[in-house]
$ cat upload-v1.cif   # mmCIF, C-alpha atoms
data_coords
#
loop_
_atom_site.label_atom_id
_atom_site.label_comp_id
_atom_site.auth_asym_id
_atom_site.auth_seq_id
_atom_site.Cartn_x
_atom_site.Cartn_y
_atom_site.Cartn_z
CA MET A 1 30.12 6.83 1.27
CA SER A 2 27.64 8.46 -1.05
CA LEU A 3 26.18 5.11 -2.08
CA THR A 4 25.45 4.52 1.60
CA ILE A 5 23.56 7.82 1.73
CA TYR A 6 21.78 6.91 -1.51
CA ALA A 7 20.50 3.62 -0.10
CA GLN A 8 19.65 5.35 3.15
CA ARG A 9 17.52 7.95 1.37
CA LEU A 10 15.50 5.22 -0.32
CA GLY A 11 15.07 3.43 2.98
CA ASP A 12 14.12 6.63 4.82
CA ASP A 13 11.42 7.53 2.27
CA SER A 14 9.75 4.16 2.71
CA LEU A 15 10.26 4.02 6.47
CA ILE A 16 8.80 7.43 7.26
CA LEU A 17 5.81 7.01 4.97
CA GLY A 18 5.22 3.51 6.39
CA GLN A 19 5.29 4.91 9.92
CA ARG A 20 2.95 7.75 8.97
CA LEU A 21 0.42 5.38 7.40
CA SER A 22 0.55 3.07 10.39
CA GLU A 23 -0.82 5.96 12.46
CA TRP A 24 -4.15 5.24 10.74
CA CYS A 25 -4.29 1.76 12.24
CA GLY A 26 -7.59 1.55 14.12
CA HIS A 27 -8.71 5.01 12.94
CA ALA A 28 -9.55 4.58 9.24
CA PRO A 29 -13.09 5.33 7.97
CA ALA A 30 -13.90 1.61 7.63
CA ILE A 31 -12.21 -1.57 8.75
CA GLU A 32 -11.51 -2.53 5.12
CA VAL A 33 -9.75 0.81 4.55
CA ASP A 34 -7.88 0.30 7.81
CA LEU A 35 -6.50 -2.94 6.39
CA SER A 36 -5.68 -1.34 3.04
CA LEU A 37 -3.61 1.38 4.68
CA ALA A 38 -1.92 -1.06 7.05
CA ASN A 39 -0.99 -3.30 4.10
CA VAL A 40 0.58 -0.37 2.29
CA ALA A 41 2.41 0.63 5.47
CA LEU A 42 3.79 -2.88 5.89
CA ASP A 43 4.95 -3.01 2.26
CA LEU A 44 6.81 0.27 2.80
CA ILE A 45 8.40 -0.81 6.06
CA GLY A 46 9.55 -4.00 4.34
CA GLN A 47 11.20 -1.91 1.61
CA ALA A 48 12.80 0.27 4.29
CA SER A 49 14.22 -2.78 5.98
CA HIS A 50 15.86 -3.91 2.72
CA PHE A 51 17.24 -0.50 1.71
CA LEU A 52 18.47 0.40 5.19
CA GLY A 53 20.00 -3.05 5.58
CA LEU A 54 21.84 -2.46 2.31
CA ALA A 55 22.92 1.02 3.47
CA GLY A 56 24.37 -0.49 6.64
CA ALA A 57 26.15 -3.21 4.68
CA ILE A 58 27.71 -0.72 2.25
CA GLU A 59 28.72 1.52 5.14
CA GLY A 60 30.49 -1.44 6.77
CA LYS A 61 30.41 -0.16 10.34
CA GLY A 62 28.18 -2.88 11.70
CA ARG A 63 24.95 -0.84 11.68
CA ASP A 64 21.92 -2.84 10.60
CA ALA A 65 18.51 -1.60 9.44
CA ASP A 66 17.24 -1.32 13.03
CA ALA A 67 20.24 0.74 14.10
CA LEU A 68 19.64 3.13 11.21
CA ALA A 69 15.89 3.33 11.82
CA PHE A 70 15.85 3.70 15.57
CA ARG A 71 19.19 5.23 16.56
CA ARG A 72 19.58 8.20 14.27
CA ASP A 73 18.45 11.69 15.16
CA VAL A 74 16.17 13.83 13.07
CA MET A 75 18.95 15.75 11.25
CA ASP A 76 20.41 12.44 10.04
CA PHE A 77 17.22 11.40 8.27
CA THR A 78 17.34 11.88 4.51
CA ASN A 79 13.75 11.24 3.46
CA CYS A 80 11.96 13.72 1.22
CA LEU A 81 9.67 16.20 2.97
CA LEU A 82 6.55 14.82 1.30
CA VAL A 83 6.53 11.54 3.22
CA GLU A 84 6.83 13.17 6.66
CA GLN A 85 3.82 15.45 6.15
CA PRO A 86 1.02 14.83 8.66
CA ASN A 87 -1.85 12.53 7.75
CA GLY A 88 -4.46 15.27 8.09
CA ASP A 89 -7.79 13.84 7.02
CA PHE A 90 -8.19 10.77 4.81
CA ALA A 91 -8.04 12.87 1.62
CA GLN A 92 -4.77 14.50 2.66
CA THR A 93 -3.28 11.06 3.34
CA ILE A 94 -4.47 9.87 -0.07
CA ALA A 95 -3.01 12.98 -1.76
CA ARG A 96 0.41 12.24 -0.26
CA GLN A 97 0.21 8.58 -1.26
CA PHE A 98 -0.95 9.45 -4.75
CA LEU A 99 1.95 11.82 -5.46
CA PHE A 100 4.56 9.57 -3.88
CA SER A 101 3.45 6.16 -5.20
CA HIS A 102 3.39 7.33 -8.80
CA TYR A 103 6.91 8.71 -8.35
CA GLN A 104 7.99 5.45 -6.70
CA VAL A 105 6.62 3.34 -9.57
CA LEU A 106 8.60 5.31 -12.14
CA PHE A 107 11.73 5.38 -9.97
CA LEU A 108 11.70 1.68 -9.13
CA GLU A 109 11.05 0.70 -12.75
CA ARG A 110 14.42 2.30 -13.59
CA LEU A 111 16.18 1.06 -10.47
CA ALA A 112 15.06 -2.51 -11.19
CA ALA A 113 17.13 -2.30 -14.39
CA ALA A 114 20.22 -0.97 -12.58
CA GLN A 115 23.61 -2.66 -12.98
CA ASP A 116 24.05 -2.98 -9.23
CA GLU A 117 22.11 -6.16 -8.51
CA ARG A 118 21.63 -5.39 -4.84
CA PHE A 119 19.58 -2.33 -5.65
CA ALA A 120 17.91 -3.92 -8.67
CA ALA A 121 16.67 -6.90 -6.64
CA ILE A 122 15.04 -4.77 -3.95
CA ALA A 123 13.50 -2.54 -6.61
CA ALA A 124 12.05 -5.46 -8.57
CA LYS A 125 10.32 -6.82 -5.46
CA ALA A 126 9.06 -3.42 -4.34
CA LEU A 127 7.79 -2.46 -7.78
CA LYS A 128 4.87 -4.91 -7.61
CA GLU A 129 3.88 -3.49 -4.25
CA VAL A 130 4.01 0.15 -5.25
CA SER A 131 2.12 -0.47 -8.49
CA TYR A 132 -0.80 -1.52 -6.32
CA HIS A 133 -0.31 1.47 -4.00
CA ALA A 134 -0.49 3.81 -7.01
CA THR A 135 -3.69 2.14 -8.24
CA LEU A 136 -5.28 2.25 -4.81
CA ALA A 137 -4.40 5.91 -4.25
CA SER A 138 -5.55 6.90 -7.76
CA ASP A 139 -8.89 5.16 -7.24
CA TRP A 140 -9.43 7.12 -4.06
CA VAL A 141 -8.44 10.40 -5.69
CA VAL A 142 -11.14 9.77 -8.30
CA ARG A 143 -13.72 8.66 -5.72
CA LEU A 144 -13.18 11.65 -3.49
CA GLY A 145 -12.63 14.16 -6.29
CA ASP A 146 -15.69 12.95 -8.19
CA GLY A 147 -17.76 12.25 -5.06
CA THR A 148 -19.73 14.65 -2.90
CA ASP A 149 -19.13 18.37 -2.50
CA GLU A 150 -17.43 17.68 0.81
CA SER A 151 -15.17 14.88 -0.45
CA LYS A 152 -14.18 17.00 -3.42
CA ALA A 153 -13.33 19.99 -1.22
CA ARG A 154 -11.23 17.76 1.04
CA MET A 155 -9.41 16.16 -1.88
CA ILE A 156 -8.58 19.59 -3.30
CA ALA A 157 -7.34 20.75 0.11
CA GLY A 158 -5.25 17.59 0.52
CA LEU A 159 -3.57 17.98 -2.85
CA ASP A 160 -3.03 21.64 -2.12
CA TRP A 161 -1.21 20.79 1.11
CA MET A 162 1.07 18.21 -0.47
CA TRP A 163 1.76 19.82 -3.82
CA ARG A 164 4.69 22.06 -2.77
CA PHE A 165 6.65 18.95 -1.72
CA ALA A 166 6.41 17.19 -5.10
CA ASP A 167 9.29 19.00 -6.79
CA GLU A 168 11.80 17.63 -4.27
CA LEU A 169 11.15 14.11 -5.55
CA PHE A 170 12.85 14.96 -8.84
CA VAL A 171 15.83 16.99 -7.62
CA MET A 172 19.23 15.53 -8.54
CA ASP A 173 22.34 16.20 -6.49
CA ASP A 174 25.89 14.83 -6.05
CA VAL A 175 24.67 11.70 -4.29
CA ASP A 176 22.37 10.84 -7.19
CA ALA A 177 25.08 11.57 -9.74
CA ALA A 178 27.56 9.35 -7.90
CA ALA A 179 24.96 6.57 -7.72
CA ILE A 180 24.50 6.74 -11.48
CA THR A 181 28.27 6.43 -11.94
CA ALA A 182 28.24 3.46 -9.56
CA GLY A 183 25.53 1.71 -11.59
CA ALA A 184 22.76 2.13 -9.02
CA GLY A 185 21.37 5.51 -9.91
CA VAL A 186 18.26 6.82 -11.59
CA ASP A 187 17.93 10.13 -13.39
CA LYS A 188 15.03 11.40 -11.32
CA ALA A 189 14.70 14.67 -13.21
CA ALA A 190 13.95 12.66 -16.34
CA LEU A 191 10.99 10.99 -14.62
CA ARG A 192 9.07 14.23 -14.27
CA PRO A 193 7.25 14.30 -17.64
CA ALA A 194 5.94 10.74 -17.17
CA TRP A 195 4.91 11.57 -13.61
CA ASP A 196 3.09 14.72 -14.75
CA GLN A 197 1.25 12.68 -17.33
CA ARG A 198 0.14 10.05 -14.82
CA ILE A 199 -0.96 12.62 -12.25
CA ASP A 200 -2.83 14.72 -14.81
CA ALA A 201 -4.66 11.68 -16.21
CA VAL A 202 -6.01 10.72 -12.79
CA LEU A 203 -6.86 14.30 -11.89
CA ALA A 204 -8.80 14.62 -15.15
CA ASP A 205 -10.70 11.44 -14.25
CA ALA A 206 -11.46 12.92 -10.86
CA GLY A 207 -12.68 16.20 -12.35
CA LEU A 208 -9.88 18.05 -10.57
CA VAL A 209 -7.19 20.42 -11.76
CA ARG A 210 -3.60 20.70 -10.59
CA PRO A 211 -3.05 22.95 -7.61
CA ALA A 212 -1.46 26.26 -8.58
CA ALA A 213 2.31 26.04 -9.00
CA ARG A 214 4.24 27.48 -6.09
CA ARG A 215 7.78 27.70 -4.84
CA ALA A 216 9.04 24.22 -4.03
CA THR A 217 9.91 23.36 -0.43
CA LEU A 218 13.20 21.44 -0.34
CA GLY A 219 15.68 20.22 2.26
CA GLY A 220 14.75 16.71 3.33
CA ARG A 221 17.62 15.02 1.49
CA THR A 222 20.16 17.04 3.50
CA GLY A 223 18.43 16.69 6.84
CA ARG A 224 16.51 19.98 6.90
CA HIS A 225 13.11 18.70 7.89
CA SER A 226 9.73 20.10 8.82
CA GLU A 227 8.75 20.19 12.49
CA HIS A 228 6.61 17.10 11.89
CA LEU A 229 9.44 14.58 11.56
CA GLY A 230 10.75 14.99 15.10
CA HIS A 231 7.35 14.14 16.55
CA LEU A 232 7.07 11.11 14.31
CA LEU A 233 10.51 9.87 15.39
CA SER A 234 9.82 10.41 19.07
CA GLU A 235 6.99 7.90 18.79
CA MET A 236 8.71 5.51 16.38
CA GLN A 237 12.00 5.44 18.28
CA PHE A 238 10.64 5.55 21.82
CA LEU A 239 11.15 1.90 22.67
CA GLN A 240 14.74 1.67 21.46
CA ARG A 241 15.57 4.98 23.12
CA ALA A 242 14.04 3.99 26.46
CA TYR A 243 15.24 0.37 26.37
CA PRO A 244 18.33 0.30 24.11
CA GLY A 245 18.78 -3.02 22.35
CA ALA A 246 15.44 -4.41 23.56
CA THR A 247 14.22 -7.38 21.51
CA TRP A 248 11.11 -9.53 21.56
CA MET B 1 -22.35 6.00 -3.50
CA SER B 2 -25.95 7.19 -3.47
CA ASP B 3 -26.04 8.28 0.15
CA PRO B 4 -22.50 8.62 1.48
CA LYS B 5 -23.68 8.76 5.06
CA LYS B 6 -25.11 5.27 4.85
CA GLU B 7 -22.90 2.26 5.39
CA TRP B 8 -21.43 0.77 2.23
CA PRO B 9 -23.31 -2.30 0.95
CA LEU B 10 -22.04 -5.77 1.71
CA TRP B 11 -20.29 -8.01 -0.84
CA GLU B 12 -19.59 -11.73 -0.56
CA VAL B 13 -16.02 -12.69 -1.38
CA PHE B 14 -14.90 -15.82 -3.20
CA VAL B 15 -11.24 -16.79 -3.58
CA ARG B 16 -9.67 -19.26 -5.99
CA GLY B 17 -6.81 -20.80 -4.06
CA LYS B 18 -4.85 -21.84 -7.11
CA GLY B 19 -5.39 -22.54 -10.79
CA GLY B 20 -7.81 -25.42 -11.36
CA LEU B 21 -9.61 -25.14 -8.03
CA SER B 22 -13.06 -23.63 -7.62
CA HIS B 23 -13.66 -20.24 -6.07
CA ARG B 24 -14.58 -20.72 -2.43
CA HIS B 25 -16.58 -18.42 -0.21
CA VAL B 26 -14.29 -16.84 2.39
CA GLY B 27 -16.31 -13.98 3.90
CA SER B 28 -17.57 -10.52 3.10
CA VAL B 29 -16.51 -6.89 2.83
CA HIS B 30 -18.23 -3.52 2.75
CA ALA B 31 -17.62 -1.45 -0.37
CA ALA B 32 -19.28 1.32 -2.37
CA ASP B 33 -19.03 -0.52 -5.69
CA ALA B 34 -17.57 -3.61 -7.37
CA LYS B 35 -14.15 -2.10 -7.99
CA MET B 36 -13.74 -1.09 -4.38
CA ALA B 37 -15.06 -4.48 -3.29
CA ILE B 38 -12.28 -6.22 -5.23
CA GLU B 39 -9.68 -3.97 -3.61
CA HIS B 40 -11.08 -4.54 -0.15
CA ALA B 41 -11.32 -8.28 -0.76
CA ARG B 42 -7.70 -8.30 -1.93
CA ASP B 43 -6.53 -6.43 1.15
CA THR B 44 -8.68 -8.39 3.56
CA TYR B 45 -8.53 -11.96 2.29
CA THR B 46 -5.43 -12.47 0.15
CA ARG B 47 -2.74 -10.92 2.32
CA ARG B 48 -1.11 -14.25 3.04
CA LEU B 49 -0.97 -15.62 -0.48
CA GLU B 50 -4.39 -17.26 -0.18
CA GLY B 51 -5.45 -16.84 -3.78
CA VAL B 52 -4.90 -16.26 -7.48
CA SER B 53 -8.37 -14.96 -8.35
CA LEU B 54 -11.21 -13.11 -6.64
CA TRP B 55 -14.96 -12.90 -7.17
CA VAL B 56 -17.19 -10.43 -5.38
CA VAL B 57 -20.98 -10.64 -5.45
CA PRO B 58 -23.44 -8.18 -3.91
CA SER B 59 -24.79 -9.99 -0.84
CA ALA B 60 -28.28 -8.77 -1.74
CA GLN B 61 -28.06 -10.81 -4.96
CA ILE B 62 -27.74 -14.10 -3.10
CA THR B 63 -30.93 -16.06 -2.56
CA ALA B 64 -30.71 -18.40 0.40
CA SER B 65 -32.80 -21.42 1.21
CA ASP B 66 -35.34 -20.96 3.98
CA PRO B 67 -33.99 -22.33 7.29
CA GLY B 68 -37.60 -23.11 8.27
CA GLU B 69 -37.82 -25.55 5.40
CA ALA B 70 -34.50 -27.23 6.17
CA ALA B 71 -36.24 -30.43 7.31
CA ALA B 72 -38.24 -30.79 4.10
CA LEU B 73 -35.31 -29.82 1.92
CA PHE B 74 -32.47 -31.84 3.36
CA GLU B 75 -33.61 -34.58 5.72
CA PRO B 76 -35.16 -36.85 3.05
CA ALA B 77 -31.59 -37.48 1.84
CA GLU B 78 -30.53 -38.86 5.22
CA ASP B 79 -31.60 -42.47 4.61
CA LYS B 80 -30.60 -42.65 0.97
CA VAL B 81 -27.02 -43.75 1.33
CA TYR B 82 -27.32 -45.63 -1.97
CA ARG B 83 -26.96 -42.25 -3.67
CA HIS B 84 -23.29 -42.36 -2.80
CA PRO B 85 -21.37 -44.48 -5.31
CA THR B 86 -19.90 -46.60 -2.52
CA PHE B 87 -21.48 -49.96 -3.38
CA TYR B 88 -19.29 -50.71 -6.35
CA SER B 89 -16.17 -52.79 -5.94
CA ILE B 90 -13.25 -51.08 -7.61
CA PRO B 91 -10.86 -53.31 -9.54
CA ASP B 92 -7.36 -53.23 -8.04
CA HIS B 93 -5.70 -51.85 -11.15
CA ILE B 94 -7.89 -48.72 -11.22
CA LYS B 95 -6.01 -45.82 -9.63
CA HIS B 96 -7.01 -42.33 -8.54
CA ILE B 97 -10.51 -43.11 -7.29
#
$ encode --input "upload-v1.cif" --output "structure tokens"
Amino acid sequence: MSLTIYAQRLGDDSLILGQRLSEWCGHAPAIEVDLSLANVALDLIGQASHFLGLAGAIEGKGRDADALAFRRDVMDFTNCLLVEQPNGDFAQTIARQFLFSHYQVLFLERLAAAQDERFAAIAAKALKEVSYHATLASDWVVRLGDGTDESKARMIAGLDWMWRFADELFVMDDVDAAAITAGAGVDKAALRPAWDQRIDAVLADAGLVRPAARRATLGGRTGRHSEHLGHLLSEMQFLQRAYPGATW
Amino acid sequence: MSDPKKEWPLWEVFVRGKGGLSHRHVGSVHAADAKMAIEHARDTYTRRLEGVSLWVVPSAQITASDPGEAAALFEPAEDKVYRHPTFYSIPDHIKHI
């Protein structure tokens, strides 16, 4: 049971961030950036498809990745709060990607070495993708942070918005502990120092400082989401809700 | 990025399809500098496994021949078919030619 939830959490993180990024399609500052963001979104949705497919298989009730993505309600989603945060402006989107991709690199590096080969295989494939996402996001953090007065102000505001959701990435609970016992887990709390180091190095490059520490906002893993997720789902799930089982 | 309000400069993109082949011109991207140009070229032109290596060159650095002089430059070669090595008979046992 808990390994199902574990796989589902990984799938939900990628799915919701992929959906968020795809909202940029046709709206990015330049067509090249439009393609960059769409590529990242597609990588994430591909990861979601693998992890949710695995969750459905472990669950054994005949639900596939599509059933999990399109026929669950908002309380049943287990993604972290960071990925559901609104795009805001381009800098806010980059801030979210920057914090999450660096976490994902560190997490997937460990998961790729997991005993459970089903998880390890998905992680190994995804790791190459997210390494590029982390590079891309870091480059933009430096460009915007070390750019004009306006780009710097926007980058600071974007990081400020996203920062309170970073702590949740590293919180361990029973599901994580059970996954470790089952040979598919990662000690997320232990990733924090390496993550801090990566984030600080890029921020230093960008001439930025960490936003002030504040009380962490938690709850995504147990279905307590921000108001933003429901709106995202209403768009993402519309077709399958209006025309159940529709294919093309 | 000297003036951020201006459009990013144009870069020509060259992709090496696989090891051993030459880089081939595939198109162009806008980017603020070389690093961004490589990223944009990667995202624009190698999404479907088209390449193993990328070159980007500022479009302003490319000198083109003058279309007005095309006749003088290229047409004299039209009646010089002997410049192709097609008048030699190849012995049967020579392969790969």
$ closest_residue --input "upload-v1.cif" --among "B:Gly19, B:Gln61, B:Glu12, B:Leu49" --to "B:Ala37" --atoms "only C-alpha atoms"
B:Glu12
$ closest_atom_pairs --input "upload-v1.cif" --of "chain A" --to "chain B" --cutoff "9 Å" --atoms "only C-alpha atoms" --output "Markdown table"
| residue | atom | partner | partner_atom | distance |
| --- | --- | --- | --- | --- |
| A:Ala30 | CA | B:His30 | CA | 8.3 |
| A:Ile31 | CA | B:His30 | CA | 8.7 |
| A:Glu32 | CA | B:His40 | CA | 5.7 |
| A:Val33 | CA | B:His40 | CA | 7.2 |
| A:Leu35 | CA | B:Asp43 | CA | 6.3 |
| A:Ser36 | CA | B:Asp43 | CA | 5.5 |
| A:Asn39 | CA | B:Asp43 | CA | 7.0 |
| A:Leu136 | CA | B:Glu39 | CA | 7.7 |
| A:Asp139 | CA | B:Met36 | CA | 8.4 |
| A:Gly147 | CA | B:Met1 | CA | 7.9 |
| A:Thr148 | CA | B:Pro4 | CA | 8.0 |
$ closest_residue --input "upload-v1.cif" --among "A:Asp73, A:Asp160, A:Asp43, A:Asp34" --to "A:Phe238" --atoms "only C-alpha atoms"
A:Asp73
$ resolve_selection --input "upload-v1.cif" --expression "the PyMOL selection byres ((chain A and resi 92) around 9)" --output "PyMOL selection string"
chain A and resi 86-91+93-97+154-162
$ write_last_selection --input "upload-v1.cif" --atoms "C-alpha atoms" --output "short mmCIF file (atom, residue, chain, number, x, y, z; two decimals), keeping the file's coordinate frame"
data_model
loop_
_atom_site.label_atom_id
_atom_site.label_comp_id
_atom_site.auth_asym_id
_atom_site.auth_seq_id
_atom_site.Cartn_x
_atom_site.Cartn_y
_atom_site.Cartn_z
CA PRO A 86 1.02 14.83 8.66
CA ASN A 87 -1.85 12.53 7.75
CA GLY A 88 -4.46 15.27 8.09
CA ASP A 89 -7.79 13.84 7.02
CA PHE A 90 -8.19 10.77 4.81
CA ALA A 91 -8.04 12.87 1.62
CA THR A 93 -3.28 11.06 3.34
CA ILE A 94 -4.47 9.87 -0.07
CA ALA A 95 -3.01 12.98 -1.76
CA ARG A 96 0.41 12.24 -0.26
CA GLN A 97 0.21 8.58 -1.26
CA ARG A 154 -11.23 17.76 1.04
CA MET A 155 -9.41 16.16 -1.88
CA ILE A 156 -8.58 19.59 -3.30
CA ALA A 157 -7.34 20.75 0.11
CA GLY A 158 -5.25 17.59 0.52
CA LEU A 159 -3.57 17.98 -2.85
CA ASP A 160 -3.03 21.64 -2.12
CA TRP A 161 -1.21 20.79 1.11
CA MET A 162 1.07 18.21 -0.47
#
$ closest_residue --input "upload-v1.cif" --among "A:Gly11, A:Val40, A:Phe170, A:Arg164" --to "A:Pro193" --atoms "all atoms listed in the file"
A:Phe170
$ resolve_selection --input "upload-v1.cif" --expression "the PyMOL selection byres ((chain A and resi 124) around 8)" --output "list in words"
Leu108, Glu109, Leu111, Ala112, Ala120, Ala121, Ile122, Ala123, Lys125, Ala126, Leu127 and Lys128 of chain A
$ closest_residue --input "upload-v1.cif" --among "A:Ala55, A:Leu17, A:Ser234, A:Gly223" --to "A:Ala38" --atoms "all atoms listed in the file"
A:Leu17
$ atom_distance --input "upload-v1.cif" --atom1 "atom CA of A:Arg221" --atom2 "atom CA of A:Leu81"
8.2 Å
$ residues_around --input "upload-v1.cif" --residues "A:Gly230" --least-positions-apart "4" --cutoff "10 Å" --atoms "all atoms listed in the file" --output "MDAnalysis selection string"
chainID A and resid 73:75 84 225:226 234:236
$ closest_residue --input "upload-v1.cif" --among "B:Thr46, B:Val13, B:Lys95, B:Val81" --to "B:His25" --atoms "all atoms listed in the file"
B:Val13
$ atom_distance --input "upload-v1.cif" --atom1 "atom CA of A:Ser2" --atom2 "atom CA of A:Lys188"
16.5 Å
$ atom_distance --input "upload-v1.cif" --atom1 "atom CA of A:Val83" --atom2 "atom CA of A:Leu239"
22.2 Å
$ residues_around --input "upload-v1.cif" --residues "A:Arg63" --least-positions-apart "6" --cutoff "12 Å" --atoms "all atoms listed in the file" --output "PDB file with C-alpha atoms, in the frame of the given file"
ATOM      1  CA  THR A   4      25.450   4.520   1.600  1.00  0.00           C
ATOM      2  CA  GLN A   8      19.650   5.350   3.150  1.00  0.00           C
ATOM      3  CA  LEU A  52      18.470   0.400   5.190  1.00  0.00           C
ATOM      4  CA  GLY A  53      20.000  -3.050   5.580  1.00  0.00           C
ATOM      5  CA  LEU A  54      21.840  -2.460   2.310  1.00  0.00           C
ATOM      6  CA  ALA A  55      22.920   1.020   3.470  1.00  0.00           C
ATOM      7  CA  GLY A  56      24.370  -0.490   6.640  1.00  0.00           C
ATOM      8  CA  ALA A  57      26.150  -3.210   4.680  1.00  0.00           C
ATOM      9  CA  ALA A  69      15.890   3.330  11.820  1.00  0.00           C
ATOM     10  CA  PHE A  70      15.850   3.700  15.570  1.00  0.00           C
ATOM     11  CA  ARG A  71      19.190   5.230  16.560  1.00  0.00           C
ATOM     12  CA  ARG A  72      19.580   8.200  14.270  1.00  0.00           C
TER      13      ARG A  72
END
$ resolve_selection --input "upload-v1.cif" --expression "the PyMOL selection byres ((chain A and resi 177) around 12)" --output "mmCIF file with C-alpha atoms, keeping the file's coordinate frame"
data_model
loop_
_atom_site.group_PDB
_atom_site.id
_atom_site.type_symbol
_atom_site.label_atom_id
_atom_site.label_comp_id
_atom_site.auth_asym_id
_atom_site.auth_seq_id
_atom_site.Cartn_x
_atom_site.Cartn_y
_atom_site.Cartn_z
ATOM 1 C CA SER A 2 27.640 8.460 -1.050
ATOM 2 C CA LEU A 3 26.180 5.110 -2.080
ATOM 3 C CA TYR A 6 21.780 6.910 -1.510
ATOM 4 C CA VAL A 171 15.830 16.990 -7.620
ATOM 5 C CA MET A 172 19.230 15.530 -8.540
ATOM 6 C CA ASP A 173 22.340 16.200 -6.490
ATOM 7 C CA ASP A 174 25.890 14.830 -6.050
ATOM 8 C CA VAL A 175 24.670 11.700 -4.290
ATOM 9 C CA ASP A 176 22.370 10.840 -7.190
ATOM 10 C CA ALA A 178 27.560 9.350 -7.900
ATOM 11 C CA ALA A 179 24.960 6.570 -7.720
ATOM 12 C CA ILE A 180 24.500 6.740 -11.480
ATOM 13 C CA THR A 181 28.270 6.430 -11.940
ATOM 14 C CA ALA A 182 28.240 3.460 -9.560
ATOM 15 C CA GLY A 183 25.530 1.710 -11.590
ATOM 16 C CA ALA A 184 22.760 2.130 -9.020
ATOM 17 C CA GLY A 185 21.370 5.510 -9.910
ATOM 18 C CA VAL A 186 18.260 6.820 -11.590
ATOM 19 C CA ASP A 187 17.930 10.130 -13.390
ATOM 20 C CA LYS A 188 15.030 11.400 -11.320
ATOM 21 C CA ALA A 189 14.700 14.670 -13.210
#
$ residues_around --input "upload-v1.cif" --residues "A:Tyr103" --least-positions-apart "2" --cutoff "12 Å" --atoms "all atoms listed in the file" --output "PyMOL selection string"
chain A and resi 13+80+82-83+96-101+105-110+127+130-131+133-134+166-170+186+188-199
$ residues_around --input "upload-v1.cif" --residues "A:Val142" --least-positions-apart "5" --cutoff "9 Å" --atoms "all atoms listed in the file" --output "CSV table (one decimal) with C-alpha atoms, in the coordinates of the input"
chain,number,residue,atom,x,y,z
A,137,ALA,CA,-4.4,5.9,-4.2
A,147,GLY,CA,-17.8,12.2,-5.1
A,202,VAL,CA,-6.0,10.7,-12.8
A,203,LEU,CA,-6.9,14.3,-11.9
A,204,ALA,CA,-8.8,14.6,-15.2
A,205,ASP,CA,-10.7,11.4,-14.2
A,206,ALA,CA,-11.5,12.9,-10.9
A,207,GLY,CA,-12.7,16.2,-12.4
A,208,LEU,CA,-9.9,18.0,-10.6
$ closest_residue --input "upload-v1.cif" --among "B:Ala71, B:Ile94, B:Ala77, B:Ile38" --to "B:Pro58" --atoms "all atoms listed in the file"
B:Ile38
$ decode --input "upload-v1.cif" --residues "stretch 65-79 of chain B" --atoms "C-alpha atoms" --output "PDB file, in the first residue's frame"
ATOM      1  CA  SER B  65      28.824  35.669 -51.518  1.00  0.00           C
ATOM      2  CA  ASP B  66      27.078  38.453 -53.412  1.00  0.00           C
ATOM      3  CA  PRO B  67      23.949  37.121 -55.181  1.00  0.00           C
ATOM      4  CA  GLY B  68      24.509  39.795 -57.854  1.00  0.00           C
ATOM      5  CA  GLU B  69      27.781  38.154 -58.770  1.00  0.00           C
ATOM      6  CA  ALA B  70      26.353  34.631 -58.870  1.00  0.00           C
ATOM      7  CA  ALA B  71      26.710  34.473 -62.664  1.00  0.00           C
ATOM      8  CA  ALA B  72      30.400  35.380 -62.614  1.00  0.00           C
ATOM      9  CA  LEU B  73      31.119  33.178 -59.633  1.00  0.00           C
ATOM     10  CA  PHE B  74      29.326  29.974 -60.491  1.00  0.00           C
ATOM     11  CA  GLU B  75      28.260  29.758 -64.121  1.00  0.00           C
ATOM     12  CA  PRO B  76      31.772  29.339 -65.593  1.00  0.00           C
ATOM     13  CA  ALA B  77      31.783  25.875 -63.963  1.00  0.00           C
ATOM     14  CA  GLU B  78      28.699  24.797 -65.903  1.00  0.00           C
ATOM     15  CA  ASP B  79      30.514  23.565 -69.029  1.00  0.00           C
TER      16      ASP B  79
END
